[in-house]
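Visitor: Contents of query12.cif (mmCIF, C-alpha atoms) are below:
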```cif
data_upload
loop_
_atom_site.label_atom_id
_atom_site.label_comp_id
_atom_site.auth_asym_id
_atom_site.auth_seq_id
_atom_site.Cartn_x
_atom_site.Cartn_y
_atom_site.Cartn_z
CA ILE A 1 12.55 -59.17 29.82
CA ILE A 2 12.52 -55.36 29.47
CA GLY A 3 15.92 -54.04 28.29
CA GLY A 4 16.68 -51.01 26.14
CA ASP A 5 20.07 -49.30 26.59
CA LEU A 6 20.83 -51.62 29.51
CA LEU A 7 21.70 -54.40 27.04
CA ASN A 8 24.36 -52.23 25.39
CA ARG A 9 26.06 -51.46 28.73
CA LEU A 10 25.93 -55.13 29.74
CA SER A 11 27.60 -56.18 26.49
CA ALA A 12 30.33 -53.61 27.25
CA GLY A 13 30.96 -55.35 30.61
CA VAL A 14 29.40 -52.74 32.93
CA VAL A 15 28.14 -54.44 36.10
CA THR A 16 27.48 -51.35 38.21
CA ARG A 17 27.23 -47.64 37.51
CA GLY A 18 26.26 -45.32 40.32
CA PRO A 19 27.36 -43.03 43.14
CA ILE A 20 29.90 -44.23 45.69
CA GLU A 21 28.03 -44.50 48.99
CA SER A 22 30.99 -45.26 51.24
CA ILE A 23 34.60 -46.37 51.36
CA ASP A 24 36.19 -48.41 54.15
CA LEU A 25 39.85 -47.42 53.98
CA LYS A 26 40.98 -50.24 56.32
CA THR A 27 39.54 -53.01 54.15
CA GLY A 28 39.48 -51.20 50.80
CA GLN A 29 35.79 -51.96 50.41
CA ILE A 30 33.73 -49.59 48.24
CA ARG A 31 29.91 -49.55 48.46
CA VAL A 32 27.88 -48.59 45.38
CA LEU A 33 24.10 -49.03 45.16
CA GLY A 34 24.05 -51.28 48.21
CA GLN A 35 26.73 -53.59 46.78
CA ALA A 36 30.21 -54.06 48.24
CA TYR A 37 33.20 -54.18 45.90
CA GLN A 38 36.78 -54.85 46.93
CA GLY A 39 39.37 -52.20 46.19
CA GLN A 40 43.01 -52.14 47.26
CA ALA A 41 43.32 -51.25 50.95
CA GLY A 42 45.72 -48.37 51.50
CA ALA A 43 45.68 -47.25 47.88
CA PRO A 44 46.22 -43.49 47.50
CA ALA A 45 43.31 -43.33 45.01
CA LEU A 46 40.91 -44.65 47.67
CA ASP A 47 42.18 -42.07 50.16
CA ALA A 48 41.52 -39.32 47.61
CA LEU A 49 38.01 -40.65 46.89
CA ALA A 50 37.22 -40.90 50.61
CA GLY A 51 38.34 -37.28 50.97
CA GLN A 52 35.89 -36.22 48.26
CA LEU A 53 33.03 -38.09 49.97
CA VAL A 54 33.80 -36.43 53.32
CA THR A 55 33.38 -33.00 51.72
CA GLY A 56 29.91 -33.99 50.49
CA SER A 57 30.85 -34.58 46.87
CA THR A 58 29.04 -37.30 44.98
CA VAL A 59 31.36 -39.46 42.90
CA LEU A 60 29.84 -41.42 40.01
CA VAL A 61 31.70 -44.64 39.25
CA THR A 62 31.46 -47.34 36.58
CA ILE A 63 32.49 -50.83 37.63
CA SER A 64 33.20 -53.34 34.88
CA GLY A 65 33.63 -57.06 35.17
CA ASN A 66 32.35 -60.50 34.35
CA VAL A 67 28.91 -61.63 35.40
CA ASN A 68 28.60 -65.03 37.04
CA ARG A 69 25.29 -66.28 35.64
CA THR A 70 25.16 -69.16 38.14
CA GLY A 71 24.31 -66.77 40.94
CA GLY A 72 27.58 -65.50 42.32
CA SER A 73 28.68 -61.90 42.55
CA PRO A 74 30.16 -60.25 39.47
CA ARG A 75 33.96 -60.45 39.25
CA VAL A 76 35.26 -56.90 39.02
CA THR A 77 37.99 -56.16 36.49
CA SER A 78 38.09 -52.35 36.58
CA MET A 79 36.62 -49.23 38.11
CA SER A 80 36.55 -45.83 36.47
CA LEU A 81 35.33 -42.47 37.68
CA SER A 82 32.87 -40.56 35.56
CA HIS A 83 33.21 -36.86 34.82
CA GLU A 84 29.42 -36.73 34.46
CA GLN A 85 27.68 -35.00 37.34
CA TYR A 86 25.41 -37.32 39.32
CA VAL A 87 21.94 -35.92 40.02
CA ALA A 88 19.86 -37.94 42.49
CA GLY A 89 16.49 -38.83 41.01
CA ALA A 90 17.60 -38.03 37.46
CA THR A 91 20.85 -39.84 36.60
CA VAL A 92 20.26 -43.40 35.38
CA VAL A 93 22.27 -45.95 37.38
CA GLN A 94 22.77 -49.69 36.89
CA VAL A 95 23.44 -52.73 39.04
CA VAL A 96 23.87 -56.46 38.36
CA GLY A 97 23.42 -59.02 41.10
CA LYS A 98 21.62 -61.95 42.60
CA VAL A 99 17.98 -61.38 43.57
CA GLY A 100 17.30 -61.80 47.27
CA LYS A 101 13.87 -61.33 48.78
CA VAL A 102 11.08 -60.84 46.22
CA SER A 103 7.70 -59.22 46.98
CA PRO A 104 5.66 -59.61 43.76
CA GLU A 105 2.57 -58.14 45.42
CA LEU A 106 4.54 -54.91 46.00
CA GLY A 107 6.52 -55.09 42.76
CA SER A 108 9.84 -55.07 44.60
CA PHE A 109 12.95 -57.18 45.21
CA LYS A 110 16.40 -56.85 46.75
CA ILE A 111 19.86 -57.12 45.24
CA GLY A 112 22.28 -57.17 48.16
CA ASN A 113 21.25 -54.26 50.39
CA LEU A 114 19.49 -52.41 47.56
CA ASN A 115 15.68 -52.36 47.37
CA VAL A 116 14.39 -52.26 43.78
CA ASP A 117 10.87 -51.11 42.92
CA TYR A 118 9.82 -52.55 39.54
CA SER A 119 6.09 -51.85 39.89
CA SER A 120 6.11 -49.23 37.10
CA LEU A 121 7.33 -51.91 34.64
CA LEU A 122 4.36 -54.18 35.31
CA ALA A 123 2.17 -52.08 32.97
CA GLN A 124 4.50 -53.01 30.07
CA GLY A 125 3.82 -56.73 30.35
CA GLU A 126 4.39 -59.77 32.47
CA LEU A 127 7.57 -59.63 34.53
CA THR A 128 8.56 -62.56 36.72
CA ILE A 129 11.40 -62.03 39.16
CA ARG A 130 12.63 -65.07 41.13
CA GLN A 131 14.82 -65.29 44.21
CA GLY A 132 18.33 -66.46 43.26
CA GLN A 133 18.04 -65.15 39.70
CA VAL A 134 20.95 -63.04 38.40
CA ILE A 135 19.51 -59.82 37.06
CA ALA A 136 20.57 -56.43 35.71
CA VAL A 137 18.56 -53.33 36.57
CA ALA A 138 18.80 -49.76 35.30
CA GLY A 139 16.85 -47.04 37.04
CA ILE A 140 16.90 -43.89 39.13
CA GLN A 141 17.31 -43.45 42.86
CA ALA A 142 15.86 -40.39 44.62
CA ALA A 143 18.44 -40.55 47.43
CA GLN A 144 20.89 -42.94 49.04
CA GLU A 145 19.06 -45.67 51.02
CA GLN A 146 15.90 -45.10 48.91
CA PRO A 147 14.61 -47.82 46.55
CA LEU A 148 15.91 -47.88 42.99
CA GLN A 149 12.99 -47.15 40.64
CA ALA A 150 13.54 -49.66 37.82
CA LEU A 151 13.38 -48.38 34.24
CA ALA A 152 14.76 -51.57 32.66
CA VAL A 153 15.28 -55.14 33.85
CA VAL A 154 17.19 -57.97 32.15
CA ALA A 155 17.52 -61.54 33.42
CA LEU A 156 20.97 -63.00 32.79
#
```
Let me see whether you can do it: turn the structure in this file into structure tokens.
Guide:
Amino acid sequence: IIGGDLLNRLSAGVVTRGPIESIDLKTGQIRVLGQAYQGQAGAPALDALAGQLVTGSTVLVTISGNVNRTGGSPRVTSMSLSHEQYVAGATVVQVVGKVGKVSPELGSFKIGNLNVDYSSLLAQGELTIRQGQVIAVAGIQAAQEQPLQALAVVAL
């Protein structure tokens, strides 16, 4: 499929890289690019991150782990904060997950709660995305809740 720098990050174990959308302090759940990841409930670090989000700060995070190629969610092994400033619509983000609903006529699919628009990649050649496939996508997102505009796609 269409890869580029995405392959290098995948080989380094990066499963998600993007802005933290929300943190549930009671459960320890962190949401990044429409995906839920489990953190440690009650951890002081989560409290500090939640405080940053409340003030309107955008926190860019890299989540590493092992990809389950049989269709399950990636198993997270670590999370690190980036000192790079996140700029909506400009900073390249990445997500790995199982493809949900696919709309080939629109050039879009879902990974968890994230809508991905891959229509711009169709000009580069044939690209077949199937429901249930585990896939990695790198792209840009204009704003939270907006579709991720795919720049690279790799089937795993």
Visitor: Contacts of segment 145-155 of chain A at 6 Å or less, counting all atoms listed in the file, minus same-chain residues fewer than 2 places along, as a list in words?
Guide: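 Once the adjacent positions are removed, what remains is Ile1, Ile2, Gly3, Asn115, Val116, Asp117, Tyr118, Ile135, Ala136, Val137, Ala138, Gly139, Ile140, Gln141 and Ala143 of chain A.
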Visitor: Please write the residues from the selection above to a file, keeping C-alpha atoms, as a short mmCIF file (atom, residue, chain, number, x, y, z; two decimals), in the frame of the given file.
Guide:
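Wrote again10.cif, looks like this:
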```cif
data_model
loop_
_atom_site.label_atom_id
_atom_site.label_comp_id
_atom_site.auth_asym_id
_atom_site.auth_seq_id
_atom_site.Cartn_x
_atom_site.Cartn_y
_atom_site.Cartn_z
CA ILE A 1 12.55 -59.17 29.82
CA ILE A 2 12.52 -55.36 29.47
CA GLY A 3 15.92 -54.04 28.29
CA ASN A 115 15.68 -52.36 47.37
CA VAL A 116 14.39 -52.26 43.78
CA ASP A 117 10.87 -51.11 42.92
CA TYR A 118 9.82 -52.55 39.54
CA ILE A 135 19.51 -59.82 37.06
CA ALA A 136 20.57 -56.43 35.71
CA VAL A 137 18.56 -53.33 36.57
CA ALA A 138 18.80 -49.76 35.30
CA GLY A 139 16.85 -47.04 37.04
CA ILE A 140 16.90 -43.89 39.13
CA GLN A 141 17.31 -43.45 42.86
CA ALA A 143 18.44 -40.55 47.43
#
```
Visitor: What gap, in Å, lies between atom CA of Gly13 of chain A and atom CA of Val99 of chain A?
Guide: 19.3 Å
Visitor: Check what the PyMOL selection byres ((chain A and resi 24) around 10) selects in the file above and give those residues as a ChimeraX atom specification.
Guide: /A:22-23,25-31,38-39,41-42,46-47,50
Visitor: Between A:Ser64, A:Thr91, A:Thr77, A:Gln124, which has the minimum distance to Ser11 of chain A (counting all atoms listed in the file)?
Guide: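 The closest residue to Ser11 of chain A is A:Ser64.
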Visitor: Write out as a ChimeraX atom specification which residues come within 7 Å of Val14 of chain A when counting all atoms listed in the file, dropping same-chain ones fewer than 5 positions away.
Guide: /A:9,62-65
Visitor: Record the distance separating atom CA of Ser120 of chain A and atom CA of Ser108 of chain A, expressed in Å with one decimal.
Guide: 10.2 Å
Visitor: Which residue out of A:Val15, A:Leu6, A:Ala142, A:Val95 has the minimum interatomic distance to Ser78 of chain A when all atoms listed in the file are used?
Guide: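 The closest residue to Ser78 of chain A is A:Val15.
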Visitor: Find the distance between atom CA of Val59 of chain A and atom CA of Phe109 of chain A and write it in Å to one decimal.
Guide: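 Taking atom CA of Val59 of chain A as the start and atom CA of Phe109 of chain A as the end point, the length is 25.7 Å.
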Visitor: Which residue, A:Ala123, A:Val102, A:Leu114, A:Leu7, has the smallest gap to Glu21 of chain A when you use only C-alpha atoms?
Guide: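 Among the listed residues, the smallest separation from Glu21 of chain A belongs to A:Leu114.
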Visitor: Measuring atom to atom with all atoms listed in the file, identify which of A:Gln133, A:Thr55, A:Ser103, A:Gln40 is nearest to Asn68 of chain A.
Guide: A:Gln133
Visitor: For a quick check of understanding, using all atoms listed in the file, which of A:Gly51, A:Gly132, A:Pro44, A:Gly18 has the smallest distance to Val87 of chain A?
Guide: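 Closest candidate: A:Gly18.
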Visitor: Which residues are near Asn66 of chain A? Cut-off 7 Å, all atoms listed in the file, ignore same chain within fewer than 6 positions. Put them as a PDB file with C-alpha atoms, in the coordinates of the input.
Guide:
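This is the output file out18.pdb:
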```
ATOM      1  CA  GLY A  13      30.960 -55.350  30.610  1.00  0.00           C
ATOM      2  CA  PRO A  74      30.160 -60.250  39.470  1.00  0.00           C
ATOM      3  CA  ARG A  75      33.960 -60.450  39.250  1.00  0.00           C
ATOM      4  CA  VAL A  76      35.260 -56.900  39.020  1.00  0.00           C
TER       5      VAL A  76
END
```
